[in-house]
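These notes are about the structure you will find just below.
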Number of protein chains: 4
Amino acid sequence: MTVRDMLEAHPRSTVLDRDLLLRCIEECIDCAATCTSCADADLAEPDVAEMVRCVRLCLDCADACQATGRILIRQTEPDLGVLRAEIEACAATCRACAEECEKHASNHEHCRICAEVCRRCERACEDLLATIRD
Amino acid sequence: MTVRDMLEAHPRSTVLDRDLLLRCIEECIDCAATCTSCADADLAEPDVAEMVRCVRLCLDCADACQATGRILIRQTEPDLGVLRAEIEACAATCRACAEECEKHASNHEHCRICAEVCRRCERACEDLLATIRD
Amino acid sequence: MTVRDMLEAHPRSTVLDRDLLLRCIEECIDCAATCTSCADADLAEPDVAEMVRCVRLCLDCADACQATGRILIRQTEPDLGVLRAEIEACAATCRACAEECEKHASNHEHCRICAEVCRRCERACEDLLATIRD
Amino acid sequence: MTVRDMLEAHPRSTVLDRDLLLRCIEECIDCAATCTSCADADLAEPDVAEMVRCVRLCLDCADACQATGRILIRQTEPDLGVLRAEIEACAATCRACAEECEKHASNHEHCRICAEVCRRCERACEDLLATIRD
């Protein structure tokens, strides 16, 4: 991904820890794509009726990660209160999605991968949050 | 908007207060569109250099409201922890955006309208939150 | 919705037909929300396995309408080639989604409503397109 | 990114050329993030008044690439007409954005990078389109 190069070329340097920020952005982007794919893969499973909660939480998580990824990419005139609230919400949504996907991890490889990616994103959010809590 | 009819046609009834939920969804949708428009109107102002923080917060608010609106529209297998976190983040983002737009309300009619819409969305989020806090 | 007031408060007037533009923006916003709801309602139906294609097309249509709505809301420095391509893609996606929802309209009221909203959005796109074809 | 693993774990194999599809998805995701960053970097430049068209096209391109990336990630019940229309619109939007960013490439490194990423995404769209034109 080109995010690192873009952050380096940005006229303003980030007010957050640069490495933790970059990791969190990349995990949000990866998690949004992975959850979009997992929701779709669930729909193609023969046991789709058992996967309904997984579809729903993956759709929510894709939306949350996408919004948070976009907000974290922006470096101009950041509002720390907004960043904190959005990262907290993203972590909570990743956690709920990971818990659901973990239940299906032994049956569906896409759920196993998705749970892992959600947990990575959750941790990246928590690690970044720890540096901006008031 | 057709959201009310869709909620009534949904096979599951909402676990939240129906009127507060509907108001919150409609405000999120309206706020996402209004903030997208305000960020764009800022760019066309002769004093664009003074509007940079407003553009940034309007873009963040549009992203947050859009994600929250989508998540609230979904009634199947809701996760209250996710809903709570997302609505809180949305309220915080609307508040920050409203505060910035209010500073420009006397100069720019689009900021005056946008601040009003952000405050309405913030209140709708707070009112809905009050019913689902643990 | 506040879109009309925001377009009137915008420092630049639109290069497109104002009424057709406003209608197209409002239909895109309504269709994005309706398709998000229809995909979710499908998941709660006992015959979810028969609704898989409907879920998928509603998710696509929600994404297409949301992107097109945001792009049409912007009035600053429009690129007609971009507008034309995005509106065409949106119309094609609404058409495909409407065709699928129409198949389930007699069984599921949410599909009947969704098909209607998709057809309205498709027509609004076609009517706006007719004014900007080269 | 985890997209490749997710496509391999999906119960349905893609109806499109797998390598071209994967490249197109990854370029859409990268381009959406890069354009979000470039629009934001423009806002922090001292010559922001000259960058207004660049901001606008980068915002449009981010929205178009994000929608197209999500739609292409989905493998369940694809509609070729929808895919074709969305990929065409995405290519047109990437092209317009690249042309604008190229004008600023010698002054702003973020525009130089963004133009490159847009051109890569445009080509990935065109290459994928060539395999699904009727």
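Letters for chains follow the order of the structure tokens (A, B, ...), residue numbers begin at 1 for each chain, and ligand numbers begin at 1 in the order shown.
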Contact residues (chain B, partner chain C, 10 Å, only C-alpha atoms) as JSON, numbers by chain: {"B": [1, 2, 3, 4, 5, 6, 7, 8, 9, 10, 11, 12, 25, 26, 27, 29, 30, 31, 32, 33, 34, 35, 36, 37, 38, 39, 40, 41, 42, 43, 44, 45, 46, 62, 66, 69, 70, 71, 72, 73, 74, 75, 76, 77, 108, 109, 110, 111, 112, 113, 114, 117]}
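Using only C-alpha atoms, the residues found no farther than 7 Å from C:Arg119, other than those of its own chain fewer than 2 positions away, are Cys94, Arg95, Ala98, Ala115, Glu116, Val117, Cys121, Glu122 and Arg123 of chain C.
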Polymer residues at most 10 Å from B:Cys125, only C-alpha atoms, same-chain spacing of 6 or more positions, as a VMD selection string: chain B and resid 20 to 21 23 to 25 27 to 28 68 84 86 to 92 94 119
For the residues in the current selection, export all heavy atoms as a tab-separated table (two decimals), in the first residue's frame.
chain	number	residue	atom	x	y	z
B	20	LEU	N	-37.24	6.92	18.06
B	20	LEU	CA	-35.90	7.48	18.25
B	20	LEU	C	-34.92	6.90	17.24
B	20	LEU	O	-34.04	7.61	16.72
B	20	LEU	CB	-35.40	7.22	19.68
B	20	LEU	CG	-36.13	7.97	20.80
B	20	LEU	CD1	-35.56	7.57	22.16
B	20	LEU	CD2	-36.05	9.48	20.60
B	21	LEU	N	-35.08	5.61	16.95
B	21	LEU	CA	-34.21	4.97	15.96
B	21	LEU	C	-34.43	5.60	14.59
B	21	LEU	O	-33.46	5.97	13.90
B	21	LEU	CB	-34.51	3.47	15.88
B	21	LEU	CG	-33.79	2.73	14.75
B	21	LEU	CD1	-32.29	2.71	14.98
B	21	LEU	CD2	-34.32	1.30	14.60
B	23	ARG	N	-35.65	8.50	13.80
B	23	ARG	CA	-35.14	9.87	13.77
B	23	ARG	C	-33.63	9.88	13.64
B	23	ARG	O	-33.05	10.64	12.85
B	23	ARG	CB	-35.56	10.63	15.04
B	23	ARG	CG	-35.03	12.06	15.10
B	23	ARG	CD	-35.85	12.94	16.03
B	23	ARG	NE	-35.66	12.65	17.42
B	23	ARG	CZ	-34.73	13.21	18.22
B	23	ARG	NH1	-33.90	14.11	17.73
B	23	ARG	NH2	-34.65	12.89	19.49
B	24	CYS	N	-32.95	9.00	14.36
B	24	CYS	CA	-31.48	8.96	14.33
B	24	CYS	C	-30.98	8.54	12.94
B	24	CYS	O	-30.02	9.13	12.42
B	24	CYS	CB	-30.97	8.02	15.42
B	24	CYS	SG	-29.23	8.26	15.80
B	25	ILE	N	-31.61	7.55	12.35
B	25	ILE	CA	-31.22	7.13	10.99
B	25	ILE	C	-31.39	8.29	10.02
B	25	ILE	O	-30.48	8.60	9.23
B	25	ILE	CB	-32.07	5.92	10.51
B	25	ILE	CG1	-31.77	4.68	11.35
B	25	ILE	CG2	-31.84	5.64	9.04
B	25	ILE	CD1	-32.74	3.52	11.11
B	27	GLU	N	-31.52	11.50	10.58
B	27	GLU	CA	-30.57	12.60	10.84
B	27	GLU	C	-29.16	12.22	10.35
B	27	GLU	O	-28.44	13.07	9.83
B	27	GLU	CB	-30.56	12.97	12.32
B	27	GLU	CG	-31.85	13.59	12.84
B	27	GLU	CD	-32.20	14.94	12.22
B	27	GLU	OE1	-31.37	15.51	11.49
B	27	GLU	OE2	-33.33	15.42	12.45
B	28	CYS	N	-28.77	10.97	10.56
B	28	CYS	CA	-27.45	10.53	10.07
B	28	CYS	C	-27.35	10.67	8.55
B	28	CYS	O	-26.34	11.14	8.02
B	28	CYS	CB	-27.17	9.07	10.45
B	28	CYS	SG	-26.66	8.85	12.17
B	68	THR	N	-22.58	5.17	10.52
B	68	THR	CA	-23.55	4.97	11.59
B	68	THR	C	-24.95	4.79	11.03
B	68	THR	O	-25.73	3.95	11.50
B	68	THR	CB	-23.49	6.16	12.58
B	68	THR	OG1	-22.14	6.33	13.00
B	68	THR	CG2	-24.39	5.91	13.79
B	84	ARG	N	-23.95	1.03	20.52
B	84	ARG	CA	-23.61	2.07	21.49
B	84	ARG	C	-22.31	2.80	21.09
B	84	ARG	O	-22.27	4.02	21.03
B	84	ARG	CB	-23.45	1.41	22.86
B	84	ARG	CG	-23.63	2.35	24.02
B	84	ARG	CD	-23.46	1.61	25.32
B	84	ARG	NE	-24.45	0.59	25.55
B	84	ARG	CZ	-24.19	-0.72	25.77
B	84	ARG	NH1	-22.96	-1.17	25.82
B	84	ARG	NH2	-25.19	-1.56	25.96
B	86	GLU	N	-20.81	3.00	18.17
B	86	GLU	CA	-20.91	3.75	16.92
B	86	GLU	C	-21.72	5.03	17.10
B	86	GLU	O	-21.38	6.08	16.54
B	86	GLU	CB	-21.52	2.88	15.81
B	86	GLU	CG	-20.64	1.71	15.37
B	86	GLU	CD	-19.36	2.15	14.68
B	86	GLU	OE1	-19.31	3.28	14.15
B	86	GLU	OE2	-18.39	1.37	14.67
B	87	ILE	N	-22.80	4.97	17.87
B	87	ILE	CA	-23.63	6.16	18.07
B	87	ILE	C	-22.85	7.19	18.89
B	87	ILE	O	-22.91	8.40	18.61
B	87	ILE	CB	-24.96	5.79	18.76
B	87	ILE	CG1	-25.74	4.78	17.92
B	87	ILE	CG2	-25.82	7.04	18.96
B	87	ILE	CD1	-26.92	4.14	18.67
B	88	GLU	N	-22.10	6.74	19.90
B	88	GLU	CA	-21.28	7.67	20.68
B	88	GLU	C	-20.25	8.37	19.80
B	88	GLU	O	-20.06	9.59	19.90
B	88	GLU	CB	-20.53	6.91	21.79
B	88	GLU	CG	-21.29	6.84	23.10
B	88	GLU	CD	-20.62	5.94	24.13
B	88	GLU	OE1	-19.49	5.47	23.89
B	88	GLU	OE2	-21.26	5.68	25.16
B	89	ALA	N	-19.58	7.60	18.95
B	89	ALA	CA	-18.57	8.20	18.06
B	89	ALA	C	-19.22	9.20	17.11
B	89	ALA	O	-18.67	10.27	16.83
B	89	ALA	CB	-17.84	7.10	17.29
B	90	CYS	N	-20.40	8.85	16.62
B	90	CYS	CA	-21.11	9.73	15.69
B	90	CYS	C	-21.48	11.04	16.39
B	90	CYS	O	-21.29	12.13	15.83
B	90	CYS	CB	-22.35	9.02	15.15
B	90	CYS	SG	-23.13	9.86	13.78
B	91	ALA	N	-21.99	10.95	17.61
B	91	ALA	CA	-22.36	12.15	18.36
B	91	ALA	C	-21.14	13.04	18.59
B	91	ALA	O	-21.22	14.28	18.42
B	91	ALA	CB	-23.00	11.76	19.70
B	92	ALA	N	-20.00	12.45	18.95
B	92	ALA	CA	-18.78	13.23	19.20
B	92	ALA	C	-18.32	13.94	17.92
B	92	ALA	O	-17.86	15.09	17.97
B	92	ALA	CB	-17.68	12.31	19.73
B	94	CYS	N	-20.24	14.75	15.25
B	94	CYS	CA	-21.21	15.80	14.93
B	94	CYS	C	-20.97	17.04	15.79
B	94	CYS	O	-21.06	18.17	15.31
B	94	CYS	CB	-22.64	15.31	15.17
B	94	CYS	SG	-23.21	14.13	13.94
B	119	ARG	N	-26.06	19.57	14.83
B	119	ARG	CA	-26.61	19.59	16.20
B	119	ARG	C	-27.84	18.69	16.30
B	119	ARG	O	-28.04	18.01	17.31
B	119	ARG	CB	-26.98	21.04	16.60
B	119	ARG	CG	-25.81	21.95	16.86
B	119	ARG	CD	-25.01	21.50	18.08
B	119	ARG	NE	-23.95	22.46	18.38
B	119	ARG	CZ	-22.92	22.18	19.17
B	119	ARG	NH1	-22.78	21.00	19.74
B	119	ARG	NH2	-21.98	23.07	19.39
Separation of atom CA of B:Cys101 from atom CA of B:Asp60 in Å: 13.1 Å
DSSP helix (DSSP H, G or I) residues within chain C, as a PyMOL selection string: chain C and resi 3-9+18-43+48-73+80-103+109-129
Atomic separation - atom CA of C:Cys97 relative to atom CA of C:Cys54, Å: 7.2 Å
